[in-house]
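Engineer: Hey, dropping my_file-v6.tsv in here, TSV, C-alpha atoms:
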```tsv
chain	number	residue	atom	x	y	z
A	293	MET	CA	94.79	124.22	103.95
A	294	ILE	CA	94.40	121.58	101.25
A	295	HIS	CA	95.96	123.95	98.72
A	296	PHE	CA	98.94	124.51	101.02
A	297	PHE	CA	99.57	120.76	101.15
A	298	LYS	CA	99.29	120.54	97.38
A	299	LEU	CA	101.70	123.45	97.03
A	300	ILE	CA	104.39	121.77	99.14
A	301	ARG	CA	103.83	118.38	97.39
A	302	TRP	CA	103.00	116.56	100.63
A	303	LYS	CA	103.20	113.13	99.00
A	304	ASN	CA	106.77	113.78	97.86
A	305	LEU	CA	107.68	115.07	101.32
A	306	ILE	CA	106.34	111.89	102.91
A	307	LEU	CA	108.51	109.88	100.51
A	308	ILE	CA	111.59	111.92	101.47
A	309	ALA	CA	110.91	111.40	105.18
A	310	LEU	CA	110.18	107.69	104.68
A	311	VAL	CA	113.47	107.14	102.84
A	312	GLN	CA	115.44	108.86	105.59
A	313	TYR	CA	113.72	106.73	108.24
A	314	LEU	CA	114.45	103.62	106.18
A	315	VAL	CA	118.15	104.47	106.08
A	316	LYS	CA	118.33	104.78	109.87
A	317	TYR	CA	115.87	102.14	111.04
A	318	ALA	CA	116.12	99.51	108.28
A	319	LEU	CA	119.73	99.89	107.15
A	320	LEU	CA	121.75	101.10	110.16
A	321	LEU	CA	120.19	100.37	113.55
A	322	PRO	CA	119.44	96.63	112.92
A	323	PHE	CA	123.18	96.00	112.53
A	324	TYR	CA	124.37	97.58	115.76
A	325	GLU	CA	124.90	94.23	117.47
A	326	SER	CA	125.93	92.04	114.54
A	327	TYR	CA	128.22	94.53	112.75
A	328	GLN	CA	128.79	97.13	115.48
A	329	VAL	CA	127.40	99.89	113.26
A	330	THR	CA	127.38	103.01	115.43
A	331	THR	CA	124.97	105.90	114.90
A	332	THR	CA	125.12	109.44	116.24
A	333	LEU	CA	121.63	110.91	116.52
A	334	SER	CA	119.01	110.19	119.15
A	335	THR	CA	115.43	109.56	118.02
A	336	LEU	CA	114.54	113.19	118.70
A	337	ALA	CA	117.62	114.57	116.95
A	338	PHE	CA	117.01	112.36	113.93
A	339	THR	CA	113.39	113.54	113.76
A	340	LEU	CA	114.68	117.11	113.71
A	341	LEU	CA	116.99	116.17	110.83
A	342	VAL	CA	114.02	114.81	108.89
A	343	ILE	CA	111.97	117.94	109.65
A	344	ALA	CA	114.85	120.14	108.48
A	345	THR	CA	115.13	118.20	105.22
A	346	VAL	CA	111.38	118.27	104.62
A	347	CYS	CA	111.15	122.01	105.32
A	348	ILE	CA	113.92	122.84	102.84
A	349	ALA	CA	112.34	120.53	100.23
A	350	ALA	CA	108.91	122.10	100.79
A	351	GLY	CA	110.43	125.55	100.37
A	352	GLY	CA	112.00	124.36	97.13
A	353	TYR	CA	108.62	123.27	95.76
A	354	ILE	CA	107.08	126.62	96.69
A	355	ILE	CA	109.77	128.78	95.07
A	356	ASN	CA	109.64	126.55	92.01
A	357	ASP	CA	105.90	127.16	91.66
A	358	ILE	CA	106.38	130.90	92.13
A	359	TYR	CA	108.80	131.05	89.19
A	360	ASP	CA	106.66	128.62	87.16
A	361	ILE	CA	103.38	130.54	87.33
A	362	GLU	CA	103.31	131.39	83.61
A	363	THR	CA	104.57	128.02	82.37
A	364	ASP	CA	102.13	126.15	84.63
A	365	LYS	CA	99.24	128.11	83.12
A	366	VAL	CA	100.10	126.33	79.86
A	367	ASN	CA	101.37	122.97	81.13
A	368	LYS	CA	98.85	122.31	83.91
A	369	PRO	CA	96.27	125.13	84.10
A	370	ASP	CA	93.97	123.18	86.44
A	371	LYS	CA	96.74	122.73	89.03
A	372	VAL	CA	97.99	126.31	89.38
A	373	ILE	CA	97.80	127.28	93.06
A	374	ILE	CA	99.84	130.50	93.24
A	375	ASN	CA	97.56	133.56	92.80
A	376	ASN	CA	94.50	131.32	92.48
A	377	TYR	CA	94.32	130.00	96.03
A	378	ILE	CA	97.48	131.34	97.70
A	379	SER	CA	98.87	134.77	96.89
A	380	GLU	CA	102.39	135.07	95.56
A	381	LYS	CA	103.31	137.21	98.59
A	382	ASN	CA	102.06	134.59	101.07
A	383	ALA	CA	103.80	131.83	99.11
A	384	LEU	CA	107.07	133.75	99.25
A	385	ASN	CA	106.65	134.25	103.01
A	386	LEU	CA	106.06	130.51	103.42
A	387	PHE	CA	109.22	129.82	101.42
A	388	ILE	CA	111.23	132.09	103.71
A	389	ILE	CA	109.74	130.61	106.91
A	390	LEU	CA	110.31	127.02	105.84
A	391	ASN	CA	113.92	127.72	104.91
A	392	ILE	CA	114.59	129.53	108.19
A	393	ILE	CA	113.21	126.50	110.06
A	394	GLY	CA	115.16	124.01	107.91
A	395	VAL	CA	118.48	125.86	108.03
A	396	GLY	CA	117.98	126.75	111.71
A	397	LEU	CA	117.44	123.11	112.66
A	398	GLY	CA	120.47	122.19	110.56
A	399	PHE	CA	122.57	124.70	112.50
A	400	TYR	CA	121.29	123.33	115.83
A	401	LEU	CA	121.95	119.69	114.90
A	402	SER	CA	125.39	120.37	113.44
A	403	ASN	CA	126.54	122.12	116.58
A	404	GLY	CA	124.84	119.51	118.77
A	405	ILE	CA	127.02	116.72	117.37
A	406	GLY	CA	130.18	118.84	117.38
A	407	LYS	CA	130.33	119.13	113.60
A	408	SER	CA	129.45	122.77	112.98
A	409	GLY	CA	130.74	122.54	109.40
A	410	TYR	CA	127.86	120.22	108.48
A	411	PHE	CA	125.61	123.27	108.72
A	412	VAL	CA	126.89	124.30	105.28
A	413	ILE	CA	125.03	121.34	103.71
A	414	PHE	CA	121.67	122.89	104.59
A	415	ILE	CA	122.73	126.28	103.27
A	416	ILE	CA	123.91	124.71	100.00
A	417	ALA	CA	120.71	122.67	99.57
A	418	SER	CA	118.49	125.69	100.22
A	419	ALA	CA	120.53	127.92	97.90
A	420	LEU	CA	120.63	125.33	95.12
A	421	LEU	CA	116.84	124.89	95.16
A	422	TYR	CA	116.39	128.67	94.91
A	423	ILE	CA	118.99	129.08	92.16
A	424	TYR	CA	117.51	126.09	90.34
A	425	SER	CA	114.04	127.62	90.30
A	426	SER	CA	115.16	131.14	89.43
A	427	TYR	CA	117.91	130.42	86.93
A	428	LEU	CA	119.40	126.94	86.50
A	429	LYS	CA	116.23	125.19	85.32
A	430	GLN	CA	116.32	127.39	82.22
A	431	MET	CA	119.72	125.97	81.25
A	432	LEU	CA	120.16	122.85	79.16
A	433	LEU	CA	120.49	119.80	81.49
A	434	VAL	CA	122.11	121.83	84.30
A	435	GLY	CA	118.88	122.29	86.24
A	436	ASN	CA	117.93	118.63	85.84
A	437	ILE	CA	121.30	117.52	87.19
A	438	VAL	CA	121.25	119.97	90.11
A	439	VAL	CA	117.78	119.01	91.37
A	440	SER	CA	118.69	115.31	91.07
A	441	LEU	CA	121.84	115.93	93.12
A	442	VAL	CA	119.74	117.60	95.82
A	443	VAL	CA	117.43	114.56	95.90
A	444	SER	CA	120.39	112.21	96.34
A	445	LEU	CA	121.81	114.54	99.00
A	446	SER	CA	118.69	114.02	101.14
A	447	ILE	CA	119.67	110.34	101.36
A	448	LEU	CA	123.39	110.94	101.89
A	449	LEU	CA	122.54	113.40	104.66
A	450	VAL	CA	121.53	110.54	106.95
A	451	GLY	CA	124.85	108.75	106.43
A	452	ILE	CA	126.81	111.94	106.96
A	453	PHE	CA	125.08	112.81	110.23
A	454	GLU	CA	124.74	109.27	111.58
A	455	LEU	CA	128.02	107.58	110.62
A	456	PHE	CA	130.81	110.13	110.21
A	457	PRO	CA	130.76	111.87	113.63
A	458	VAL	CA	131.38	108.59	115.51
A	459	ILE	CA	134.03	107.09	113.24
A	460	ASN	CA	137.15	105.88	115.06
A	461	ALA	CA	140.04	103.53	114.34
A	462	ALA	CA	138.09	100.50	115.55
A	463	ASN	CA	134.90	100.98	113.53
A	464	ARG	CA	136.16	102.91	110.49
A	465	GLU	CA	135.88	100.02	108.05
A	466	ILE	CA	132.30	99.05	108.92
A	467	GLN	CA	131.11	102.68	109.09
A	468	ILE	CA	132.55	103.36	105.62
A	469	THR	CA	131.04	100.12	104.28
A	470	PHE	CA	127.56	101.13	105.35
A	471	PHE	CA	128.05	104.66	104.05
A	472	LYS	CA	128.93	103.15	100.66
A	473	ILE	CA	125.63	101.24	100.72
A	474	ILE	CA	123.81	104.53	101.38
A	475	LEU	CA	125.84	106.10	98.56
A	476	ASP	CA	124.64	103.35	96.20
A	477	TYR	CA	121.04	104.22	97.02
A	478	ALA	CA	121.78	107.92	96.54
A	479	ILE	CA	123.25	107.21	93.09
A	480	PHE	CA	120.17	105.14	92.21
A	481	ALA	CA	117.94	108.03	93.31
A	482	PHE	CA	120.02	110.45	91.22
A	483	MET	CA	119.69	108.32	88.06
A	484	ILE	CA	115.95	107.73	88.40
A	485	ASN	CA	115.22	111.34	89.27
A	486	LEU	CA	117.33	112.65	86.37
A	487	VAL	CA	115.43	110.51	83.87
A	488	ARG	CA	112.13	111.56	85.46
A	489	GLU	CA	113.05	115.25	85.32
A	490	LEU	CA	113.83	114.93	81.61
A	491	VAL	CA	110.57	113.06	81.00
A	492	LYS	CA	108.70	115.89	82.77
A	493	ASP	CA	110.54	118.40	80.55
A	494	ILE	CA	109.25	116.60	77.46
A	495	GLU	CA	105.76	116.56	79.00
A	496	ASP	CA	105.97	120.32	79.66
A	497	THR	CA	107.57	121.34	76.36
A	498	ASP	CA	104.80	123.77	75.31
A	499	GLY	CA	104.89	125.85	78.48
A	500	ASP	CA	108.69	125.79	78.71
A	501	HIS	CA	108.98	126.92	75.08
A	502	LYS	CA	106.60	129.81	75.73
A	503	ALA	CA	108.65	130.82	78.79
A	504	GLY	CA	111.89	130.76	76.78
A	505	MET	CA	113.51	127.95	78.77
A	506	GLN	CA	116.39	126.03	77.21
A	507	THR	CA	115.30	122.53	78.21
A	508	LEU	CA	116.36	119.48	76.21
A	509	PRO	CA	113.10	119.12	74.21
A	510	VAL	CA	112.93	122.89	73.57
A	511	VAL	CA	116.49	122.97	72.21
A	512	LEU	CA	116.49	119.68	70.28
A	513	GLY	CA	112.81	119.01	69.73
A	514	ARG	CA	110.60	116.36	71.34
A	515	GLU	CA	111.66	113.54	69.03
A	516	ARG	CA	115.41	113.93	69.54
A	517	ALA	CA	114.98	114.56	73.26
A	518	ASN	CA	112.87	111.43	73.51
A	519	LYS	CA	115.66	109.33	71.96
A	520	ILE	CA	118.25	110.78	74.33
A	521	VAL	CA	116.08	110.18	77.41
A	522	PHE	CA	115.35	106.66	76.16
A	523	ALA	CA	119.10	105.98	76.00
A	524	LEU	CA	119.62	107.49	79.45
A	525	SER	CA	116.81	105.34	80.87
A	526	LEU	CA	118.84	102.24	80.01
A	527	ILE	CA	121.60	103.28	82.42
A	528	PRO	CA	119.67	102.64	85.67
A	529	ILE	CA	118.37	99.34	84.27
A	530	PHE	CA	121.86	97.99	83.53
A	531	SER	CA	123.22	99.52	86.74
A	532	VAL	CA	120.65	97.73	88.92
A	533	ILE	CA	121.16	94.46	87.04
A	534	TYR	CA	124.93	94.76	87.53
A	535	TYR	CA	124.47	95.54	91.23
A	536	VAL	CA	122.15	92.57	91.78
A	537	ILE	CA	124.45	90.15	89.92
A	538	THR	CA	127.59	91.43	91.67
A	539	TYR	CA	126.39	91.79	95.26
A	540	LEU	CA	123.04	90.06	95.72
A	541	PHE	CA	122.91	87.14	93.28
A	542	LYS	CA	123.01	84.44	95.97
A	543	GLN	CA	120.05	86.02	97.78
A	544	THR	CA	117.10	84.53	95.87
A	545	GLU	CA	114.41	86.54	97.65
A	546	VAL	CA	116.26	89.80	97.07
A	547	VAL	CA	116.88	89.01	93.39
A	548	LEU	CA	113.16	88.30	92.91
A	549	TYR	CA	112.24	91.56	94.64
A	550	PHE	CA	114.51	93.62	92.40
A	551	LEU	CA	113.35	91.79	89.27
A	552	LEU	CA	109.66	92.28	90.03
A	553	PHE	CA	109.57	95.68	91.69
A	554	VAL	CA	112.56	97.59	90.29
A	555	ILE	CA	113.94	96.15	87.06
A	556	ALA	CA	110.60	95.12	85.47
A	557	PRO	CA	108.93	98.54	86.03
A	558	LEU	CA	112.07	100.27	84.74
A	559	ILE	CA	112.00	98.17	81.57
A	560	TYR	CA	108.27	98.90	81.22
A	561	ALA	CA	108.90	102.66	81.54
A	562	THR	CA	111.70	102.48	78.96
A	563	ILE	CA	109.52	100.60	76.47
A	564	LYS	CA	106.73	103.13	76.96
A	565	LEU	CA	109.22	105.96	76.52
A	566	PHE	CA	110.38	104.55	73.20
A	567	SER	CA	106.91	105.00	71.67
A	568	ALA	CA	105.63	107.95	73.73
A	569	GLU	CA	104.20	110.91	71.82
A	570	HIS	CA	101.50	112.52	73.93
A	571	LYS	CA	101.47	114.46	77.20
A	572	LYS	CA	99.46	111.81	79.05
A	573	GLN	CA	101.94	109.11	78.06
A	574	TYR	CA	104.85	111.08	79.51
A	575	GLY	CA	102.81	111.73	82.66
A	576	HIS	CA	102.26	107.98	83.02
A	577	ILE	CA	105.98	107.26	82.57
A	578	SER	CA	106.82	109.89	85.20
A	579	MET	CA	104.44	108.22	87.65
A	580	VAL	CA	106.02	104.78	87.02
A	581	LEU	CA	109.49	106.21	87.65
A	582	LYS	CA	108.31	107.73	90.93
A	583	LEU	CA	106.96	104.31	91.91
A	584	VAL	CA	110.31	102.72	91.04
A	585	MET	CA	112.03	105.27	93.26
A	586	PHE	CA	109.78	104.15	96.12
A	587	THR	CA	110.19	100.39	95.56
A	588	GLY	CA	113.93	100.80	95.11
A	589	MET	CA	114.28	102.60	98.43
A	590	LEU	CA	111.95	100.13	100.15
A	591	SER	CA	114.45	97.37	99.37
A	592	MET	CA	116.48	98.59	102.36
A	593	VAL	CA	114.07	96.57	104.51
A	594	LEU	CA	115.46	93.38	102.93
A	595	TYR	CA	118.98	93.88	104.30
A	596	LYS	CA	117.96	92.85	107.81
A	597	TYR	CA	116.38	89.60	106.70
A	598	PHE	CA	118.34	88.42	103.69
A	599	VAL	CA	121.34	90.44	102.60
A	600	LEU	CA	123.62	91.09	105.56
A	601	LYS	CA	123.41	87.79	107.43
```
Hey, can you dump this file as structure tokens for me?
Structural biologist:
Amino acid sequence: MIHFFKLIRWKNLILIALVQYLVKYALLLPFYESYQVTTTLSTLAFTLLVIATVCIAAGGYIINDIYDIETDKVNKPDKVIINNYISEKNALNLFIILNIIGVGLGFYLSNGIGKSGYFVIFIIASALLYIYSSYLKQMLLVGNIVVSLVVSLSILLVGIFELFPVINAANREIQITFFKIILDYAIFAFMINLVRELVKDIEDTDGDHKAGMQTLPVVLGRERANKIVFALSLIPIFSVIYYVITYLFKQTEVVLYFLLFVIAPLIYATIKLFSAEHKKQYGHISMVLKLVMFTGMLSMVLYKYFVLK
């Protein structure tokens, strides 16, 4: 059982679920009375939405590991699960089951709120994760961008299901305003995840080269790729600084939070990236970026107390 949880990256799945719960319970529900923000899903229905998202994400991790068996033998031989602890056939069956559950729940929820077209989102997410693992990840930058878009979609999904179905003439402005806040967080997640994906590509250069993948470091070499990723890592730093100065500057507590727990770690990761040369260094940078993703999303809690007064 422990190998199954490692296979589906249970820690990442908890983070995905936590972020979705933060969007609903820290960013939307607290402002029902003060801003008349209206949400669509009941507690049970929202839980089903989270389960659907987590199942599709878990399936994505499994199919990725199935296609990465040979590269993982080089990049992380001690962490290969497929064919060591779980057979490839059983892993494929798990992938199929998880996607049936995820897409099935998506179909049920979409029809339950009278928006059957939303069902397509789950189909697209599932298909993209499969195509990413089987084909797109071998293409220069395309795979990195696609998987980062899917990550940001998991955040946008809450706004789409909670805000759009109950929009009317009276609440349109406030519903759109809160969706834009969710969109800002989704863009932040996209930027951080894209940099992290590229850092992981540099970390896994040897295995990817052996597998014939056209990742950035394989095509351009580690040194050039490192410079490009370093430049890209500056974008989220300046974006967050701009956001804080433009929208949050008068909120001292919020500014301090972003400085200490988002901007400072991002600057630290960028400095480390500038001089990184070894696999362990890139692994450390990847871990810091994952932490920044968490602290950035956790800032939603601050809106209730400081931001939207």
Engineer: Rank nothing, just name the residue among A:Leu433, A:Leu310, A:Ile405, A:Ala481 nearest to Ser531 in chain A, using all atoms listed in the file.
Structural biologist: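 Nearest to Ser531 in chain A: A:Ala481.
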Engineer: For each of A:Gln328, A:Met483, A:Met592, A:Pro509, take the minimum atom-to-atom distance to Tyr313 in chain A, counting only C-alpha atoms, then give the residue where this is smallest.
Structural biologist: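 Of the candidates, the smallest distance to Tyr313 in chain A is held by A:Met592.
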Engineer: Using only C-alpha atoms for the distances, tell me which of A:Cys347, A:Asp370, A:Ala478, A:His295 is nearest to Ile392 in chain A.
Structural biologist: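 Closest candidate: A:Cys347.
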Engineer: Kindly indicate which residue among A:Ser591, A:Ala419, A:Asp500, A:Ile527 lies nearest to Leu319 in chain A, using all atoms listed in the file for the distances.
Structural biologist: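 Once distances to Leu319 in chain A are computed over all atoms listed in the file, the minimum belongs to A:Ser591.
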Engineer: Residues within 10 Å of Thr497 in chain A, please, as a ChimeraX atom specification. Count only C-alpha atoms; anything in the same chain fewer than 2 positions from it doesn't count.
Structural biologist: /A:363,366-367,491-495,499-503,505,507-511,513-514,571
Engineer: Work out how far apart CA of Leu540 in chain A and CA of Ile473 in chain A are and give it in Å to one decimal.
Structural biologist: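 Answer for the CA of Leu540 in chain A to CA of Ile473 in chain A separation: 12.5 Å.
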Engineer: Build an axis-aligned box that encloses every atom of range 586-595 of chain A listed in the file, pad it by 4 Å on each side, and report its centre and edge lengths in Å to one decimal, as lines of an AutoDock Vina configuration file.
Structural biologist:
```
center_x = 114.4
center_y = 98.8
center_z = 99.8
size_x = 17.2
size_y = 18.8
size_z = 17.4
```
Engineer: May I ask which of the residues A:Ser402, A:Thr331, A:Gln506, A:Phe338 is the closest one to Met431 in chain A, counting all atoms listed in the file?
Structural biologist: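 Once distances to Met431 in chain A are computed over all atoms listed in the file, the minimum belongs to A:Gln506.
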